[in-house]
Amino acid sequence: MTGAPGSGVGVVLVSHSAEVASAVVRLALGLAGGASGVPVAAAGGGPDGGLGTSAELIARAAREVDRGAGVAVLVDLGSAVLTVKALLAEGDELPAGTRLVDAPFLEGAVAAVVTAAAGGDLDAVAAAAEEAYGYRKA
Amino acid sequence: MLDAGFLQRWMAAAAAAVEREADHLTELDSAIGDADHGANMRRGFAAVAAALDAEPQTTPGAVLVLAGRQLISTVGGASGPLYGTLLRRAGKALGDAAEVTPEALAEALGTGVAAVAQLGGATAGDKTMLDALEPGVAALARDGDFAAAARAAREGAAATVPMLARKGRASYLGERSVGHQDPGATSAAVLFAALAEVAS
């Protein structure tokens, strides 16, 4: 657990909807309280601005939040998952140290941003986000 | 033997065929999906055709790698990374050869299909594009006959009608997915038809 705020892990939130992606960014930053130093970016909506996934927006968001300590990418559904996997397979589309995190989108986003704000490294951020699957609601 | 020009003509024919079939693909997708398959495929293959016009490639492998990359970047739905992976992996499998046999293309496409299955976590019978891709590639591998491959892919797509969807948006419908032809298998058959058209 090293790294000062602003120099740590970046977080990218990929949703089929631009509104969902940016709202979850706001929610995560809000619940993380004082996490203004965490680089978080939304990549929402498709190439035509409608519902869908844009590889270009994802790549741009990842570059935007990359501070050299890794980028955790959280995704919502179907094509968002597959597009990030395909971009990672391409090799040079996303910054080195970019990781697709297997986590529930909203809960995972909050956990990832809080952990990144606390100075957690990429492993810690990913683990915190994945742990959100373990929280049963009923 | 097939050269870069042949592969470019395939991609151009695929773009034209997708354009012709876009409304039909969207109609199929509105029954069991989110009604965007035609528009997504049209956007993707138009980008492929434009990219290959702007930057003609000199080897069959390079044509497919560039086409795959365009699909991943521009489609916007799950068919983008899936078809993009298919073509990109096939292109990489062909390497730098200036000309390839139909059997070598079949083998390379087989590598791509395996990558698609892995990426989507699907197998034949799940009512996906694999149900047309696998028989199409298998027929091409058997005797290098493009018309036979197109026929096998079309029959594979038709065979998805009674299947229960187990992947993607359609899987949420459960039994209600039965009775509809899978849009992804249909577009895969369209791509094989374009290949046969160029070869004839």
# chains A, B, ... in the order shown; residues from 1 in each chain; ligands from 1
>>> interface_residues(of="chain B", to="chain A", cutoff="6 Å", atoms="only C-alpha atoms", output="list in words")
Ser73, Gly76, Gly77, Ala78 and Pro81 of chain B
>>> residues_around(residues="B:Gly38", least_positions_apart="5", cutoff="6 Å", atoms="only C-alpha atoms", output="list of chain:residue names")
B:Ala22, B:Asp23, B:Leu25, B:Thr26
>>> closest_residue(among="B:Gly120, B:Val190, B:Arg166, B:Arg42", to="B:Arg154", atoms="only C-alpha atoms")
B:Val190
>>> closest_residue(among="B:Ala138, B:Ala14, B:Ala165, B:Ala90", to="B:Leu66", atoms="only C-alpha atoms")
B:Ala90
>>> residues_around(residues="B:Ala193", least_positions_apart="6", cutoff="8 Å", atoms="only C-alpha atoms", output="list in words")
Ala147, Ala150 and Arg151 of chain B
>>> write_last_selection(atoms="N, CA and C atoms", output="PDB file, in the first residue's frame")
ATOM      1  N   ALA B 147     -18.210 -22.210 -51.910  1.00  0.00           N
ATOM      2  CA  ALA B 147     -19.672 -22.323 -52.004  1.00  0.00           C
ATOM      3  C   ALA B 147     -20.204 -23.291 -50.949  1.00  0.00           C
ATOM      4  N   ALA B 150     -20.211 -21.547 -47.618  1.00  0.00           N
ATOM      5  CA  ALA B 150     -21.336 -20.621 -47.484  1.00  0.00           C
ATOM      6  C   ALA B 150     -22.629 -21.375 -47.173  1.00  0.00           C
ATOM      7  N   ARG B 151     -22.803 -22.513 -47.870  1.00  0.00           N
ATOM      8  CA  ARG B 151     -23.998 -23.338 -47.642  1.00  0.00           C
ATOM      9  C   ARG B 151     -24.010 -23.854 -46.195  1.00  0.00           C
TER      10      ARG B 151
END
>>> select_by_dssp(residues="stretch 12-133 of chain A", states="alpha helix (DSSP H)", output="PyMOL selection string")
chain A and resi 18-32+55-65+78-90+105-117+122-131
>>> write_last_selection(atoms="C-alpha atoms", output="PDB file, in the first residue's frame")
ATOM      1  CA  ALA A  18     -22.835   7.564 -20.818  1.00  0.00           C
ATOM      2  CA  GLU A  19     -25.156   8.694 -18.019  1.00  0.00           C
ATOM      3  CA  VAL A  20     -24.597   5.537 -15.974  1.00  0.00           C
ATOM      4  CA  ALA A  21     -20.818   5.714 -16.345  1.00  0.00           C
ATOM      5  CA  SER A  22     -20.546   9.361 -15.310  1.00  0.00           C
ATOM      6  CA  ALA A  23     -23.103   8.977 -12.507  1.00  0.00           C
ATOM      7  CA  VAL A  24     -21.221   6.028 -11.035  1.00  0.00           C
ATOM      8  CA  VAL A  25     -17.986   8.027 -11.209  1.00  0.00           C
ATOM      9  CA  ARG A  26     -19.694  10.798  -9.206  1.00  0.00           C
ATOM     10  CA  LEU A  27     -21.193   8.317  -6.749  1.00  0.00           C
ATOM     11  CA  ALA A  28     -17.877   6.556  -6.171  1.00  0.00           C
ATOM     12  CA  LEU A  29     -15.979   9.815  -5.684  1.00  0.00           C
ATOM     13  CA  GLY A  30     -18.738  11.106  -3.413  1.00  0.00           C
ATOM     14  CA  LEU A  31     -18.802   7.998  -1.224  1.00  0.00           C
ATOM     15  CA  ALA A  32     -15.007   7.894  -1.125  1.00  0.00           C
ATOM     16  CA  ALA A  55     -13.264   1.083 -27.724  1.00  0.00           C
ATOM     17  CA  GLU A  56     -12.012   4.571 -28.479  1.00  0.00           C
ATOM     18  CA  LEU A  57     -13.559   6.094 -25.351  1.00  0.00           C
ATOM     19  CA  ILE A  58     -12.167   3.253 -23.235  1.00  0.00           C
ATOM     20  CA  ALA A  59      -8.624   3.689 -24.581  1.00  0.00           C
ATOM     21  CA  ARG A  60      -8.802   7.453 -24.132  1.00  0.00           C
ATOM     22  CA  ALA A  61     -10.117   7.147 -20.560  1.00  0.00           C
ATOM     23  CA  ALA A  62      -7.384   4.669 -19.655  1.00  0.00           C
ATOM     24  CA  ARG A  63      -4.657   6.963 -20.984  1.00  0.00           C
ATOM     25  CA  GLU A  64      -6.231   9.873 -19.128  1.00  0.00           C
ATOM     26  CA  VAL A  65      -6.089   8.185 -15.701  1.00  0.00           C
ATOM     27  CA  GLY A  78     -21.664  -8.058 -22.574  1.00  0.00           C
ATOM     28  CA  SER A  79     -19.911  -5.918 -25.140  1.00  0.00           C
ATOM     29  CA  ALA A  80     -18.179  -3.810 -22.478  1.00  0.00           C
ATOM     30  CA  VAL A  81     -16.571  -6.957 -21.065  1.00  0.00           C
ATOM     31  CA  LEU A  82     -15.645  -8.345 -24.482  1.00  0.00           C
ATOM     32  CA  THR A  83     -14.295  -5.057 -25.836  1.00  0.00           C
ATOM     33  CA  VAL A  84     -11.939  -4.545 -22.892  1.00  0.00           C
ATOM     34  CA  LYS A  85     -10.742  -8.151 -23.197  1.00  0.00           C
ATOM     35  CA  ALA A  86     -10.156  -7.669 -26.925  1.00  0.00           C
ATOM     36  CA  LEU A  87      -8.282  -4.391 -26.333  1.00  0.00           C
ATOM     37  CA  LEU A  88      -6.087  -6.084 -23.716  1.00  0.00           C
ATOM     38  CA  ALA A  89      -5.380  -8.867 -26.217  1.00  0.00           C
ATOM     39  CA  GLU A  90      -4.328  -6.279 -28.799  1.00  0.00           C
ATOM     40  CA  PHE A 105     -20.003  -2.458 -11.523  1.00  0.00           C
ATOM     41  CA  LEU A 106     -21.299   0.025  -8.979  1.00  0.00           C
ATOM     42  CA  GLU A 107     -20.253  -1.630  -5.732  1.00  0.00           C
ATOM     43  CA  GLY A 108     -16.891  -2.524  -7.232  1.00  0.00           C
ATOM     44  CA  ALA A 109     -16.377   1.049  -8.410  1.00  0.00           C
ATOM     45  CA  VAL A 110     -16.911   2.436  -4.923  1.00  0.00           C
ATOM     46  CA  ALA A 111     -14.531  -0.123  -3.395  1.00  0.00           C
ATOM     47  CA  ALA A 112     -11.911   0.514  -6.080  1.00  0.00           C
ATOM     48  CA  VAL A 113     -11.987   4.289  -5.703  1.00  0.00           C
ATOM     49  CA  VAL A 114     -11.912   4.171  -1.898  1.00  0.00           C
ATOM     50  CA  THR A 115      -8.974   1.768  -1.969  1.00  0.00           C
ATOM     51  CA  ALA A 116      -7.112   3.817  -4.582  1.00  0.00           C
ATOM     52  CA  ALA A 117      -7.716   6.954  -2.464  1.00  0.00           C
ATOM     53  CA  LEU A 122      -3.369  -2.198  -8.309  1.00  0.00           C
ATOM     54  CA  ASP A 123      -3.601  -5.603  -6.582  1.00  0.00           C
ATOM     55  CA  ALA A 124      -5.276  -4.023  -3.552  1.00  0.00           C
ATOM     56  CA  VAL A 125      -7.686  -1.993  -5.684  1.00  0.00           C
ATOM     57  CA  ALA A 126      -8.635  -5.054  -7.748  1.00  0.00           C
ATOM     58  CA  ALA A 127      -9.041  -7.233  -4.650  1.00  0.00           C
ATOM     59  CA  ALA A 128     -11.273  -4.674  -2.936  1.00  0.00           C
ATOM     60  CA  ALA A 129     -13.480  -4.399  -6.005  1.00  0.00           C
ATOM     61  CA  GLU A 130     -13.733  -8.180  -6.397  1.00  0.00           C
ATOM     62  CA  GLU A 131     -14.629  -8.566  -2.716  1.00  0.00           C
TER      63      GLU A 131
END
>>> residues_around(residues="B:Asp131", least_positions_apart="2", cutoff="12 Å", atoms="only C-alpha atoms", output="number ranges by chain")
B: 113, 116-117, 122-129, 133-138, 152-161, 163, 165, 181-189
>>> residues_around(residues="B:Ala13", least_positions_apart="5", cutoff="9 Å", atoms="only C-alpha atoms", output="ChimeraX atom specification")
/B:8,18,191,194-195,197-198
>>> select_by_dssp(residues="chain B", states="strand (DSSP E)", output="MDAnalysis selection string")
chainID B and resid 2:3 99:100
>>> residues_around(residues="B:Ala170", least_positions_apart="6", cutoff="7 Å", atoms="only C-alpha atoms", output="PDB file with N, CA and C atoms, in the first residue's frame")
ATOM      1  N   ILE B  32     -34.887 -11.116 -30.191  1.00  0.00           N
ATOM      2  CA  ILE B  32     -34.252 -11.747 -29.021  1.00  0.00           C
ATOM      3  C   ILE B  32     -33.052 -10.957 -28.497  1.00  0.00           C
ATOM      4  N   GLY B  33     -32.794  -9.789 -29.074  1.00  0.00           N
ATOM      5  CA  GLY B  33     -31.628  -9.015 -28.629  1.00  0.00           C
ATOM      6  C   GLY B  33     -32.013  -7.579 -28.375  1.00  0.00           C
ATOM      7  N   SER B 177     -36.471 -17.497 -26.244  1.00  0.00           N
ATOM      8  CA  SER B 177     -35.487 -17.331 -27.324  1.00  0.00           C
ATOM      9  C   SER B 177     -35.665 -18.413 -28.390  1.00  0.00           C
TER      10      SER B 177
END
>>> residues_around(residues="B:Asp3", least_positions_apart="4", cutoff="8 Å", atoms="only C-alpha atoms", output="PyMOL selection string")
chain B and resi 7+59-60+98-100
>>> write_last_selection(atoms="N, CA, C and O atoms", output="PDB file, in the first residue's frame")
ATOM      1  N   LEU B   7      -8.490 -10.967 -50.430  1.00  0.00           N
ATOM      2  CA  LEU B   7      -9.014 -10.708 -49.076  1.00  0.00           C
ATOM      3  C   LEU B   7      -9.656  -9.329 -49.002  1.00  0.00           C
ATOM      4  O   LEU B   7     -10.673  -9.139 -48.334  1.00  0.00           O
ATOM      5  N   THR B  59      -0.466  -8.137 -47.780  1.00  0.00           N
ATOM      6  CA  THR B  59      -0.571  -9.577 -47.531  1.00  0.00           C
ATOM      7  C   THR B  59      -1.969  -9.904 -47.019  1.00  0.00           C
ATOM      8  O   THR B  59      -2.636  -9.051 -46.416  1.00  0.00           O
ATOM      9  N   PRO B  60      -2.429 -11.154 -47.272  1.00  0.00           N
ATOM     10  CA  PRO B  60      -3.747 -11.565 -46.764  1.00  0.00           C
ATOM     11  C   PRO B  60      -3.855 -11.376 -45.249  1.00  0.00           C
ATOM     12  O   PRO B  60      -4.877 -10.902 -44.746  1.00  0.00           O
ATOM     13  N   ALA B  98       2.526 -13.975 -48.829  1.00  0.00           N
ATOM     14  CA  ALA B  98       1.953 -13.103 -49.853  1.00  0.00           C
ATOM     15  C   ALA B  98       0.717 -13.734 -50.486  1.00  0.00           C
ATOM     16  O   ALA B  98      -0.173 -13.038 -50.964  1.00  0.00           O
ATOM     17  N   GLU B  99       0.688 -15.077 -50.518  1.00  0.00           N
ATOM     18  CA  GLU B  99      -0.466 -15.808 -51.064  1.00  0.00           C
ATOM     19  C   GLU B  99      -0.726 -17.019 -50.175  1.00  0.00           C
ATOM     20  O   GLU B  99       0.209 -17.604 -49.627  1.00  0.00           O
ATOM     21  N   VAL B 100      -1.996 -17.375 -50.044  1.00  0.00           N
ATOM     22  CA  VAL B 100      -2.340 -18.541 -49.215  1.00  0.00           C
ATOM     23  C   VAL B 100      -3.349 -19.403 -49.974  1.00  0.00           C
ATOM     24  O   VAL B 100      -4.085 -18.923 -50.837  1.00  0.00           O
TER      25      VAL B 100
END
>>> closest_residue(among="B:Ala39, B:Leu94, B:Ala62, B:Ala31", to="B:Gly80", atoms="only C-alpha atoms")
B:Ala39
